[in-house]
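Q: Take a look at this one; I'll ask things after.
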Amino acid sequence: MDKLLFGVAYYDEYMPYERLDKDIAMMKETGINVVRIAESTWSTVEPQDGTFDFSHIDRVLNAMQKAGISVIVGTPTYAVPTWLVKKYPDVLATTPQGQNRYGPRQNMDITNTHFRFHAERVIRKIMEHVKDHPAIIGYQVDNETKHYNTTGPNVQKLFVDYMKAKYKSLDVINKIYGLDYWSNRINSWDDFPSTVGTINASLSSEFATFQRKLVTDYLAWQAAMVKEYKRPAQFVTQNFDFEWRGYSYGIQPDVDHFAAAKAMDMAGVDIYHPTQDQLTGTEISFGGDVARSMKLDASNRGKNYLVLETEAQGFPQWVPYPGQLRLQAFSHVASGANMLEYWHWHSIHNSAETYWKGLLSHDFEPNPTYTEAKTIGKDFARLSPHLVNLKKTNSVAMLFSNEALTAFNAFSFGWGATEKYNDVLRPMYDVLYRMNVGVDFVDPSSTNLESYKLLVVPALYAASDSLLQRLNRYVQNGGHIVYTFKSGFSDEHVKVRTTPQPGIISEACGITYSQFTIPRAVSLKNDPYQAGKDNVVKTWMELITPTTAKVLAYYDHPVWGKYAAVTQNTYGKGMATYIGCMTSEAVLKKILEDASKKANVWGSDQQLTFPLITKSGVNQQGKTIHYYFNYSSVPGSVTYPHQDGKELLTNESVSKNKSMPLEAWGMKIVEEN
Amino acid sequence: MDKLLFGVAYYDEYMPYERLDKDIAMMKETGINVVRIAESTWSTVEPQDGTFDFSHIDRVLNAMQKAGISVIVGTPTYAVPTWLVKKYPDVLATTPQGQNRYGPRQNMDITNTHFRFHAERVIRKIMEHVKDHPAIIGYQVDNETKHYNTTGPNVQKLFVDYMKAKYKSLDVINKIYGLDYWSNRINSWDDFPSTVGTINASLSSEFATFQRKLVTDYLAWQAAMVKEYKRPAQFVTQNFDFEWRGYSYGIQPDVDHFAAAKAMDMAGVDIYHPTQDQLTGTEISFGGDVARSMKLDASNRGKNYLVLETEAQGFPQWVPYPGQLRLQAFSHVASGANMLEYWHWHSIHNSAETYWKGLLSHDFEPNPTYTEAKTIGKDFARLSPHLVNLKKTNSVAMLFSNEALTAFNAFSFGWGATEKYNDVLRPMYDVLYRMNVGVDFVDPSSTNLESYKLLVVPALYAASDSLLQRLNRYVQNGGHIVYTFKSGFSDEHVKVRTTPQPGIISEACGITYSQFTIPRAVSLKNDPYQAGKDNVVKTWMELITPTTAKVLAYYDHPVWGKYAAVTQNTYGKGMATYIGCMTSEAVLKKILEDASKKANVWGSDQQLTFPLITKSGVNQQGKTIHYYFNYSSVPGSVTYPHQDGKELLTNESVSKNKSMPLEAWGMKIVEEN
Amino acid sequence: MDKLLFGVAYYDEYMPYERLDKDIAMMKETGINVVRIAESTWSTVEPQDGTFDFSHIDRVLNAMQKAGISVIVGTPTYAVPTWLVKKYPDVLATTPQGQNRYGPRQNMDITNTHFRFHAERVIRKIMEHVKDHPAIIGYQVDNETKHYNTTGPNVQKLFVDYMKAKYKSLDVINKIYGLDYWSNRINSWDDFPSTVGTINASLSSEFATFQRKLVTDYLAWQAAMVKEYKRPAQFVTQNFDFEWRGYSYGIQPDVDHFAAAKAMDMAGVDIYHPTQDQLTGTEISFGGDVARSMKLDASNRGKNYLVLETEAQGFPQWVPYPGQLRLQAFSHVASGANMLEYWHWHSIHNSAETYWKGLLSHDFEPNPTYTEAKTIGKDFARLSPHLVNLKKTNSVAMLFSNEALTAFNAFSFGWGATEKYNDVLRPMYDVLYRMNVGVDFVDPSSTNLESYKLLVVPALYAASDSLLQRLNRYVQNGGHIVYTFKSGFSDEHVKVRTTPQPGIISEACGITYSQFTIPRAVSLKNDPYQAGKDNVVKTWMELITPTTAKVLAYYDHPVWGKYAAVTQNTYGKGMATYIGCMTSEAVLKKILEDASKKANVWGSDQQLTFPLITKSGVNQQGKTIHYYFNYSSVPGSVTYPHQDGKELLTNESVSKNKSMPLEAWGMKIVEEN
């Protein structure tokens, strides 16, 4: 990519009155150089079965081309038109809650043949129509694609085929899934019951894997189709999103991001997050780190990515304070984003997202958020040569696993528990973020584990022998790992291991346990991490006995006091830390600080701590860029610890060890000389 | 009406043993002079298809006639018999939750042709049978009728017909509803999808309007039928009810009361409310004000109405304290009721309402509540000439809108918010009630807006240009308005206005805004209303900039402090106050007090404040009646500020400025000389 | 039974690898002398329709026989195989929520003819196959059987047949159920609507009785079948369970335990309960008292019973503290259990109960819980001659009623109330338990009421005239009763009595009331029970006027203060105490203490109070056994008040009035000389 892209989603279709020229004039004023169009507009592109109308696309492409604004065209398939559902009601997915109704987006069965036929036709028609248009720099296939829990009989049939192909024998399945339990044994392929009602987490987890594969295959199918038409310089991307908790919270359970990204030329994501006093930058960093890790560059490290959607005004509670929109924008770039696109240009006047506000309010007039965006556009344009294509090299990686996620969530911490895998992963990530420890993400398919000094491994609940053995070898060869509780507990079929826990990693961790319980009034003995009132053990505790490990913390409890809570073990040339219980973030921070120091990944950036955040990387000129962000309404300052350089926003020189002030929600960008 | 009616609902059908003579003897002792019978008794009146049995009706009519007790006969249609459902299962409505089951009342599809056929037949049979009976003073059609969210395919078909008739063109609908969004565009009438799943609030709000029209039409159909048989002196009424929150809370979302009341001769309502320490009289006043406003008299003001149901003992938690039953009864009359009927005479021994107790407990013996009712009966009879047909003339009206209600509720204050329109309307009403400011209700169809000095307008979220222009003219011509936030925001199709907010009323209000947010730790700067700990801004705040308005209150917040929270604007000869945020009731009271004073509607009655409540009106003799109620378990007193008169309960003279004591839950009624 | 049985549920089918010999060796080490097998293993026993495979059963029976371990064989019917559901989808029950899905256990319609045909065949095949095996001491039919709320059309048809047979006439039903209300009258058997939607508690309660009868009949059918094959010395039992609130809480609503137990030779139950700091022994005592009362011995008192399931490790939060497993085990025996079986031997590696841990963890290695179990096995074996077949004779009984339970729950304390019958019953039981007052359970079918000095009667909401008259006679003849509120309120058809309340028992209680309310800020006047902050009246209060009763407590409230809250009446030779409101347990304890003293059931055991619990009985040698349990982590001591004896665990002599120390979670067993 030759420059930072700054853009918006633009829907000519939704305009209450003719706006195109006026909008483009305002965009130019804002420094917008790219728009995304056409996703979810099937009903205007194909108003009736086989009748096509490209007028909205054409006029926008032409006008943008004229204005020098690039365009990303989205395939329109993530919302189906009324006529399609009327003709083929089975296009609406059947889920465990019954068949979907018409109205929302993402209500279709992505495996349905009628859907696929018509999706293919409309995509090909659009591609044939637009493929030569010079304004287009890339394509987005579908949008925020997931499997939408499609579980109708056709999906069940596909699943049984998948199982046959994967396992051949029902005896194998019965055995590894333990289906004899409660008479669930399947003795003939014809008897295979719908998985919808299953109480067997091995089976439901396999079904979840299969469902993620439906997404991977569907996106690959669209990408391959688009690639038949696209020009070599154009990219194909998808707008991946995250586990949603009112904002982009954690690993997406319904999509295998690493697998699905293979069919894409560039990784794309949407990242939404709280602002005002709740703005921390964590989700920007988290989503960016995951997106950057989706595709690897020549040196086997993460690649720059596209932020296809993020909020301008967003929810009413997200209207940004002065300075926040800028802070957010540069935070994306500091994580490796090459594009930042707001969803969306104008606030929509009808329907579900009326209160999800765009850069413009419903009145299309300049407003404070829009006015701040103009400074971003200007700075992006001016500093693009310094900032684009930032190359980031981290020494720490978080190992996540979609399979572990699904399996963990099937049980959580027992009946009635509501914690999910991401409730274990995110606190670890957050603590690293707040310590300014940069991380990449790896998963069991990753081939570059060995390039990291420290792996942080939350709740690797379901994992194959070979993965665990590989992690043992990683430690043996000098790597450092921090595991949490429940790691290694069950195999890749979600069968609990029959060896003492934590199974294969017992060896590297130097510990063993066979009992665990829910803590009540439990803390860590002698408060080893000086956490004070945050010295609490909550939700889960394993009753650990060290074999070769050193005990970092014992439980403080009349009965459980003899068991270890946190251990550390030297194994070969490396070291494995094991956290056997849910702790506060204060304690977690100390444990990860200790592990980081021992793994030798602790440096001058760690002198800063949240709300002062620093991010760095190497730019196209081979120069190191340091970002300093103040995620606070209280002004702060940083002592610049690196080689002399120049602050790019002010163009002032910065010397090593000199103090730089940071305004409320302010920032600095230093390029080393 | 020539006298105050005091009565009960009476169900001979439900009696566990022969009671009629004994019950009538007890009624006479109580001063009961009217009973309502027969609604919801279809299965006894028509035990099998086409077989009729009027014996219960006949014996009750004859016995009442003999005892000099008048009768209101209800059509029996709000609960369907088993045989009808067995023969025509489609009589049970299909709602978004699936088809209803047999058991509860109000489970039918009021548009169903089988239901209509049999409903018509049973109504005509009853009318033919009873029309000449001298005991009958009026008829109630159906009961607490609503649309019960009937949404089956037949209803959808009717809706599409309604849309065709209303809009003619799908292009118009697609445009005004913004259906291009998420590919919801409808390109052929044949494709029109069920509205059940829609995410488009324009469409769902139109459907809600259509559903309310089903109720209006259904009631008009029944009323017209009954009118074919009724005698001129007899009235037709309906028992309208309110939004139910465990008691009668607010504007009924499912019925357009003003439209539906057109087919009735008299307005009727049921009003249920908490008692004991929670008794405030607010619901009695609110329900009464709405009911009185349903139909207008010759001077274009509200008419007397019937309270067809209210509680005697009611829920277990509602057993009234001594004095409360009297206080309640006269409060109804003070609001303009000409009839008060308890639901019901005797507590029912089986089924759903076993614990909704009547005037008698299950043992049919006198009990403290019954004993107190006897004093009411006596006083009603004695004072009827002074109290009946009270004429009330208010200077203040609340403008409500079913369309605004539906549209507001579609969004509330954003995802996850649970506040409804009535949560905005009721606090305004409650504050006026507690200040003893009498109000009428008007809606967009009202033609008498100009007869009020002050209009209070909560959340007029969806409104046509013409309505807003009319309100601007009202101010220009000297009227006063108090608007809340969200008023004027969208048009009558729930399309957000594309002009700066609050749209057309910006002019009269002299303000503008384009952003709004959810307050956290926000108050009003310098506590302009001396509210102390109640100086809080909650739930919603608009970031208002005055154009010509005077700012009454700014926000107190580090970032939003420059924006106005409450403004006031002189426009033409009138004045518009705009409240841009949700405040405490303490603040709201001060704002409305200020507006009332400026509108010149503040008088001697406003010297009293809750729990001392006063109501007044002019009786048939042209004399002014003043009620004084003490809604408290603590005795109080009032200084009588009006012309000398007579206290009717004690027959004692009352002089201006003399103090009158009020017992706990006590009252006085003064007739001016 | 000739010895205490100590065992586990064992599932050879679920083993991840060949374990049988190793497991048996470990069992022998633990002192395990019985295992339960085969329940819920239909899919392994009959892998395809008509194909049988008894290999798991055979190898376990043979191995156990060889090891001298007895076996209880369960019929496999409580979980259905995949092929059965594939062939006959109607095997899955239709409930008010729709048709069940395949996956969980207990999802079938126990009335379904296809289910019954195949259940019968597999049971007969198993019985034919195993009936001569010498290892088998008894059979369990099905498991935790309930009706699973099966309510499909076939069940409705059976219900209508049942109603025809019971009542003959619809007029009778319409009258006693009050079906005229809301037009629910049924005028033809053909019109009889599904009870699923009914709002009539008389009808729904009758349906609940019918549903319980389905369970009784189904279990009797299985038991009769098994009895065709079993040897005379073998028993047939069923594993009855309790209302489940995350543990075994109260009376089972879905099964009439006393009726269903008639077909069994021995009563069997499962009892699960919290442990760690929440271990109180209450559920062990409660479940045991109910189980012991299910079947009567020659002297018309409860018989010894089997604990077919209880937890070893159980839920993560239930991992027992040291000493607790022993305490629990002997508590069961002290209540009259002759067998204690853990569910289950090994923790299961897949599916729903992965975290319901057995005696062994997933690693099959010894663990602290297992190690403690070995001491139990040893002590059971050694002390069995002293402890087995304990004969218990109590002077107090709790009268419960499934019919009262269902009817009470239909209304609870009014709309929105969530309290159930067991919320009234359990606090009374708990208070008696904590006072060491031993109780039996009786129900309306019991013929031995007169053998008790004191009956405790919670919320006998629905009861026939004859039952209430019988209770009046019981008092008249010298019995003592403690009733709570709502007793006597409605008849056996859940029709509220038309006489003053509490109906027929008014006479024995010497009180009357016709009103009741929900208390707010109400206590008992002058704190008659010295309860301090626990002097609260909550949830429900009846406004009682004494006729002949002495008032033990008045309400403290400005309005309700003239009404009685607790009364006591001498009637004939006996006495009836009536509690008209929900009190704290502290108050309840004082009321029951008073009643116990007056009933002359207060003795030396009542000098002890929770956490020190004592249980006693007479052993086979006619000697009295006294158990002393310390349900606390704080050591305690008891002064032994009985005849000199020997402490059996230590074999030390114990003299009357001597103090015995009790360790944390410790115990003593004294056999009188």
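We name chains A, B, ... following the order of the structure tokens; residues begin at 1 in each chain, and ligands are numbered from 1 as shown.
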Give me, as a PyMOL selection string, the residues of range 258-482 of chain B that a backbone DSSP run labels helix (DSSP H, G or I).

A: chain B and resi 258-263+276-278+282-294+316-318+324-334+368-387+402-411+421-434+449-451+465-476

Q: As a ChimeraX atom specification, please: the residues near Val236 in chain C (cut-off 10 Å, only C-alpha atoms, same-chain neighbours under 6 positions excluded).

A: /C:72-74,137-141,222-224,226-227,230,263-268

Q: Those residues you just picked out, can you put them in a file as a PDB file, in the first residue's frame with C-alpha atoms?

A:
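Below is the file that was written, out.pdb:
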```
ATOM      1  CA  ILE C  72     -27.688 -53.993  41.674  1.00  0.00           C
ATOM      2  CA  VAL C  73     -28.796 -54.083  38.046  1.00  0.00           C
ATOM      3  CA  GLY C  74     -30.696 -51.120  36.700  1.00  0.00           C
ATOM      4  CA  ILE C 137     -28.888 -58.686  45.068  1.00  0.00           C
ATOM      5  CA  GLY C 138     -31.512 -56.444  43.580  1.00  0.00           C
ATOM      6  CA  TYR C 139     -32.851 -54.453  40.711  1.00  0.00           C
ATOM      7  CA  GLN C 140     -33.480 -50.809  40.165  1.00  0.00           C
ATOM      8  CA  VAL C 141     -36.272 -50.006  37.735  1.00  0.00           C
ATOM      9  CA  GLN C 222     -41.556 -52.011  35.266  1.00  0.00           C
ATOM     10  CA  ALA C 223     -41.480 -53.419  38.794  1.00  0.00           C
ATOM     11  CA  ALA C 224     -44.103 -56.071  37.969  1.00  0.00           C
ATOM     12  CA  VAL C 226     -38.874 -57.403  36.864  1.00  0.00           C
ATOM     13  CA  LYS C 227     -40.651 -59.349  39.594  1.00  0.00           C
ATOM     14  CA  LYS C 230     -36.262 -61.905  40.127  1.00  0.00           C
ATOM     15  CA  ALA C 263     -44.557 -51.256  43.925  1.00  0.00           C
ATOM     16  CA  MET C 264     -41.027 -51.370  45.332  1.00  0.00           C
ATOM     17  CA  ASP C 265     -39.589 -53.785  47.882  1.00  0.00           C
ATOM     18  CA  MET C 266     -37.286 -51.162  49.261  1.00  0.00           C
ATOM     19  CA  ALA C 267     -37.243 -47.400  49.101  1.00  0.00           C
ATOM     20  CA  GLY C 268     -34.254 -45.922  47.311  1.00  0.00           C
TER      21      GLY C 268
END
```

Q: What are the DSSP strand (DSSP E or B) residues of range 487-597 of chain B, as a PyMOL selection string?

A: chain B and resi 490+496+501+511-513+516-517+522-524+537-542+544-546+550-556+564-571+574-579+581-583

Q: Just C-alpha atoms for this one: save the residues we selected as a compact mmCIF listing (two decimals), in the first residue's frame.

A:
```
# COMPACT_ATOMS: atom_id res chain seq x y z
CA SER B 490 -38.47 12.19 13.32
CA VAL B 496 -35.24 11.10 11.33
CA GLN B 501 -32.68 19.07 15.48
CA ILE B 511 -32.30 25.99 19.85
CA THR B 512 -30.41 23.53 17.73
CA TYR B 513 -28.43 20.31 18.26
CA PHE B 516 -26.61 13.67 22.11
CA THR B 517 -25.14 11.20 24.53
CA VAL B 522 -23.57 14.82 34.83
CA SER B 523 -25.70 17.37 36.70
CA LEU B 524 -27.01 20.87 36.02
CA VAL B 537 -28.98 14.29 34.64
CA LYS B 538 -29.73 10.73 33.70
CA THR B 539 -30.39 8.42 30.76
CA TRP B 540 -30.30 10.94 27.93
CA MET B 541 -28.83 14.36 27.18
CA GLU B 542 -28.92 16.45 24.05
CA ILE B 544 -28.00 21.90 22.76
CA THR B 545 -26.86 25.24 21.42
CA PRO B 546 -29.33 28.12 21.82
CA LYS B 550 -32.41 31.78 27.00
CA VAL B 551 -30.52 28.99 28.73
CA LEU B 552 -32.17 27.97 32.00
CA ALA B 553 -29.58 25.34 32.82
CA TYR B 554 -26.23 24.21 31.46
CA TYR B 555 -24.74 20.77 31.94
CA ASP B 556 -22.12 20.40 34.63
CA ALA B 564 -27.52 23.83 27.27
CA ALA B 565 -29.74 21.38 29.15
CA VAL B 566 -32.91 23.43 29.60
CA THR B 567 -33.91 26.43 27.52
CA GLN B 568 -36.76 28.87 27.21
CA ASN B 569 -37.70 30.93 24.20
CA THR B 570 -40.15 33.70 23.62
CA TYR B 571 -41.69 33.16 20.22
CA GLY B 574 -45.95 32.71 23.54
CA MET B 575 -43.12 30.80 25.05
CA ALA B 576 -41.52 27.40 24.51
CA THR B 577 -39.51 25.62 27.19
CA TYR B 578 -37.31 22.72 26.07
CA ILE B 579 -35.92 20.10 28.44
CA CYS B 581 -32.30 15.71 29.26
CA MET B 582 -33.90 13.35 31.72
CA THR B 583 -33.92 15.03 35.12
```

Q: Residues of chain B near chain A: apply a cut-off of 8 Å, count only C-alpha atoms, and supply the list as a PyMOL selection string.

A: chain B and resi 175+177-188+191-202+414+494-501+514-519+559

Q: Report as a PyMOL selection string all protein, DNA and RNA residues lying within 9 Å of Thr280 in chain A, evaluated on only C-alpha atoms, omitting residues in the same chain fewer than 2 positions from it.

A: chain A and resi 273-275+277-278+282-284+610-611+631-632

Q: Show which residues sit within 7 Å of range 324-340 of chain C, as an mmCIF file with N, CA, C and O atoms, in the first residue's frame. Count only C-alpha atoms, and ignore same-chain residues fewer than 5 positions away.

A:
```cif
data_model
loop_
_atom_site.group_PDB
_atom_site.id
_atom_site.type_symbol
_atom_site.label_atom_id
_atom_site.label_comp_id
_atom_site.auth_asym_id
_atom_site.auth_seq_id
_atom_site.Cartn_x
_atom_site.Cartn_y
_atom_site.Cartn_z
ATOM 1 N N LEU C 4 -24.324 -53.506 56.291
ATOM 2 C CA LEU C 4 -24.292 -52.200 55.624
ATOM 3 C C LEU C 4 -23.659 -52.366 54.251
ATOM 4 O O LEU C 4 -22.606 -52.996 54.117
ATOM 5 N N LEU C 5 -24.288 -51.783 53.268
ATOM 6 C CA LEU C 5 -23.724 -51.840 51.924
ATOM 7 C C LEU C 5 -23.031 -50.510 51.625
ATOM 8 O O LEU C 5 -23.529 -49.440 51.973
ATOM 9 N N PHE C 6 -21.887 -50.621 50.970
ATOM 10 C CA PHE C 6 -21.085 -49.442 50.647
ATOM 11 C C PHE C 6 -20.669 -49.597 49.201
ATOM 12 O O PHE C 6 -20.022 -50.596 48.858
ATOM 13 N N GLY C 7 -21.082 -48.682 48.366
ATOM 14 C CA GLY C 7 -20.846 -48.955 46.963
ATOM 15 C C GLY C 7 -20.730 -47.742 46.077
ATOM 16 O O GLY C 7 -20.667 -46.597 46.543
ATOM 17 N N ILE C 284 -29.252 -34.604 54.030
ATOM 18 C CA ILE C 284 -29.083 -36.032 54.331
ATOM 19 C C ILE C 284 -30.205 -36.483 55.260
ATOM 20 O O ILE C 284 -30.817 -37.536 55.066
ATOM 21 N N SER C 285 -30.484 -35.662 56.244
ATOM 22 C CA SER C 285 -31.532 -35.980 57.206
ATOM 23 C C SER C 285 -32.912 -35.914 56.552
ATOM 24 O O SER C 285 -33.725 -36.834 56.698
ATOM 25 N N GLY C 288 -33.363 -38.654 53.950
ATOM 26 C CA GLY C 288 -33.448 -39.919 54.663
ATOM 27 C C GLY C 288 -34.801 -40.080 55.350
ATOM 28 O O GLY C 288 -35.420 -41.154 55.296
ATOM 29 N N ASP C 289 -35.274 -39.023 55.977
ATOM 30 C CA ASP C 289 -36.569 -39.107 56.671
ATOM 31 C C ASP C 289 -37.699 -39.378 55.686
ATOM 32 O O ASP C 289 -38.621 -40.148 55.978
ATOM 33 N N ARG C 292 -37.247 -43.046 54.434
ATOM 34 C CA ARG C 292 -37.592 -44.013 55.476
ATOM 35 C C ARG C 292 -39.109 -44.095 55.651
ATOM 36 O O ARG C 292 -39.655 -45.139 56.002
ATOM 37 N N ASN C 304 -35.940 -49.150 56.802
ATOM 38 C CA ASN C 304 -34.619 -48.815 56.281
ATOM 39 C C ASN C 304 -34.659 -48.681 54.765
ATOM 40 O O ASN C 304 -35.486 -49.303 54.096
ATOM 41 N N TYR C 305 -33.757 -47.881 54.243
ATOM 42 C CA TYR C 305 -33.801 -47.534 52.821
ATOM 43 C C TYR C 305 -32.388 -47.551 52.230
ATOM 44 O O TYR C 305 -31.399 -47.730 52.945
ATOM 45 N N LEU C 306 -32.346 -47.390 50.941
ATOM 46 C CA LEU C 306 -31.070 -47.407 50.203
ATOM 47 C C LEU C 306 -30.750 -45.999 49.699
ATOM 48 O O LEU C 306 -31.606 -45.348 49.116
ATOM 49 N N VAL C 307 -29.542 -45.548 49.923
ATOM 50 C CA VAL C 307 -29.091 -44.315 49.253
ATOM 51 C C VAL C 307 -28.387 -44.752 47.971
ATOM 52 O O VAL C 307 -27.233 -45.171 47.992
ATOM 53 N N LEU C 308 -29.117 -44.703 46.885
ATOM 54 C CA LEU C 308 -28.592 -45.249 45.629
ATOM 55 C C LEU C 308 -27.574 -44.329 44.990
ATOM 56 O O LEU C 308 -26.776 -44.752 44.167
ATOM 57 N N GLU C 372 -10.115 -41.054 52.039
ATOM 58 C CA GLU C 372 -11.029 -41.000 53.189
ATOM 59 C C GLU C 372 -12.115 -42.067 53.095
ATOM 60 O O GLU C 372 -12.535 -42.636 54.106
ATOM 61 N N ALA C 373 -12.558 -42.353 51.848
ATOM 62 C CA ALA C 373 -13.590 -43.376 51.664
ATOM 63 C C ALA C 373 -13.112 -44.736 52.185
ATOM 64 O O ALA C 373 -13.921 -45.539 52.686
ATOM 65 N N ILE C 376 -14.092 -45.243 55.642
ATOM 66 C CA ILE C 376 -15.525 -45.517 55.783
ATOM 67 C C ILE C 376 -15.801 -46.989 55.531
ATOM 68 O O ILE C 376 -16.514 -47.656 56.281
ATOM 69 N N VAL C 388 -26.365 -51.676 61.184
ATOM 70 C CA VAL C 388 -27.322 -51.978 60.114
ATOM 71 C C VAL C 388 -28.735 -52.145 60.701
ATOM 72 O O VAL C 388 -28.885 -52.454 61.875
ATOM 73 N N ASN C 389 -29.726 -51.899 59.837
ATOM 74 C CA ASN C 389 -31.137 -52.111 60.207
ATOM 75 C C ASN C 389 -31.548 -51.319 61.440
ATOM 76 O O ASN C 389 -32.314 -51.809 62.285
ATOM 77 N N LEU C 390 -31.039 -50.112 61.534
ATOM 78 C CA LEU C 390 -31.381 -49.245 62.665
ATOM 79 C C LEU C 390 -32.885 -48.968 62.666
ATOM 80 O O LEU C 390 -33.461 -48.641 61.629
ATOM 81 N N LYS C 615 -28.546 -38.234 66.410
ATOM 82 C CA LYS C 615 -29.566 -39.108 65.827
ATOM 83 C C LYS C 615 -29.536 -40.410 66.601
ATOM 84 O O LYS C 615 -28.449 -40.816 67.069
ATOM 85 N N SER C 616 -30.636 -41.068 66.722
ATOM 86 C CA SER C 616 -30.588 -42.325 67.455
ATOM 87 C C SER C 616 -31.553 -43.348 66.875
ATOM 88 O O SER C 616 -32.377 -43.038 66.010
ATOM 89 N N TYR C 627 -25.849 -41.338 67.716
ATOM 90 C CA TYR C 627 -24.832 -40.693 66.889
ATOM 91 C C TYR C 627 -24.688 -39.247 67.334
ATOM 92 O O TYR C 627 -25.683 -38.573 67.629
ATOM 93 N N TRP C 665 -15.875 -31.353 61.995
ATOM 94 C CA TRP C 665 -16.516 -32.351 61.137
ATOM 95 C C TRP C 665 -16.340 -33.768 61.703
ATOM 96 O O TRP C 665 -16.237 -34.723 60.951
ATOM 97 N N GLY C 666 -16.324 -33.864 63.033
ATOM 98 C CA GLY C 666 -16.087 -35.154 63.673
ATOM 99 C C GLY C 666 -17.372 -35.792 64.172
ATOM 100 O O GLY C 666 -18.458 -35.223 64.073
ATOM 101 N N MET C 667 -17.251 -36.988 64.717
ATOM 102 C CA MET C 667 -18.452 -37.687 65.180
ATOM 103 C C MET C 667 -18.109 -38.770 66.188
ATOM 104 O O MET C 667 -16.971 -39.192 66.340
#
```

Q: Quick one: residues within 8 Å of Ala67 in chain C, only C-alpha atoms counted, chain neighbours fewer than 4 positions away excluded, as a PyMOL selection string?

A: chain C and resi 24+28+63

Q: CA of Leu399 in chain C and CA of Tyr167 in chain C are how many Å apart?

A: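 Value for the CA of Leu399 in chain C-CA of Tyr167 in chain C distance: 27.1 Å.
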
Q: State, in Å with one decimal place, the distance from CA of His626 in chain C to CA of Thr614 in chain C.

A: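 Computing it gives 6.8 Å between the two atoms.
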
Q: Considering only C-alpha atoms, return as a PDB file with N, CA and C atoms, in the first residue's frame whatever protein or nucleic-acid residues lie within 12 Å of Ala298 in chain B, sequence-local ones (same chain, fewer than 4 positions apart) excluded.

A:
```pdb
ATOM      1  N   GLY B 302     -63.594  17.914  28.045  1.00  0.00           N
ATOM      2  CA  GLY B 302     -63.852  16.530  28.430  1.00  0.00           C
ATOM      3  C   GLY B 302     -65.226  16.306  29.053  1.00  0.00           C
ATOM      4  N   LYS B 303     -65.669  15.063  28.905  1.00  0.00           N
ATOM      5  CA  LYS B 303     -66.986  14.697  29.415  1.00  0.00           C
ATOM      6  C   LYS B 303     -66.875  13.725  30.590  1.00  0.00           C
ATOM      7  N   LYS B 391     -68.400  19.347  36.129  1.00  0.00           N
ATOM      8  CA  LYS B 391     -67.860  19.935  34.908  1.00  0.00           C
ATOM      9  C   LYS B 391     -66.491  20.499  35.241  1.00  0.00           C
ATOM     10  N   ASN B 448     -58.883  20.992  19.829  1.00  0.00           N
ATOM     11  CA  ASN B 448     -59.095  22.016  20.852  1.00  0.00           C
ATOM     12  C   ASN B 448     -57.803  22.465  21.535  1.00  0.00           C
TER      13      ASN B 448
END
```
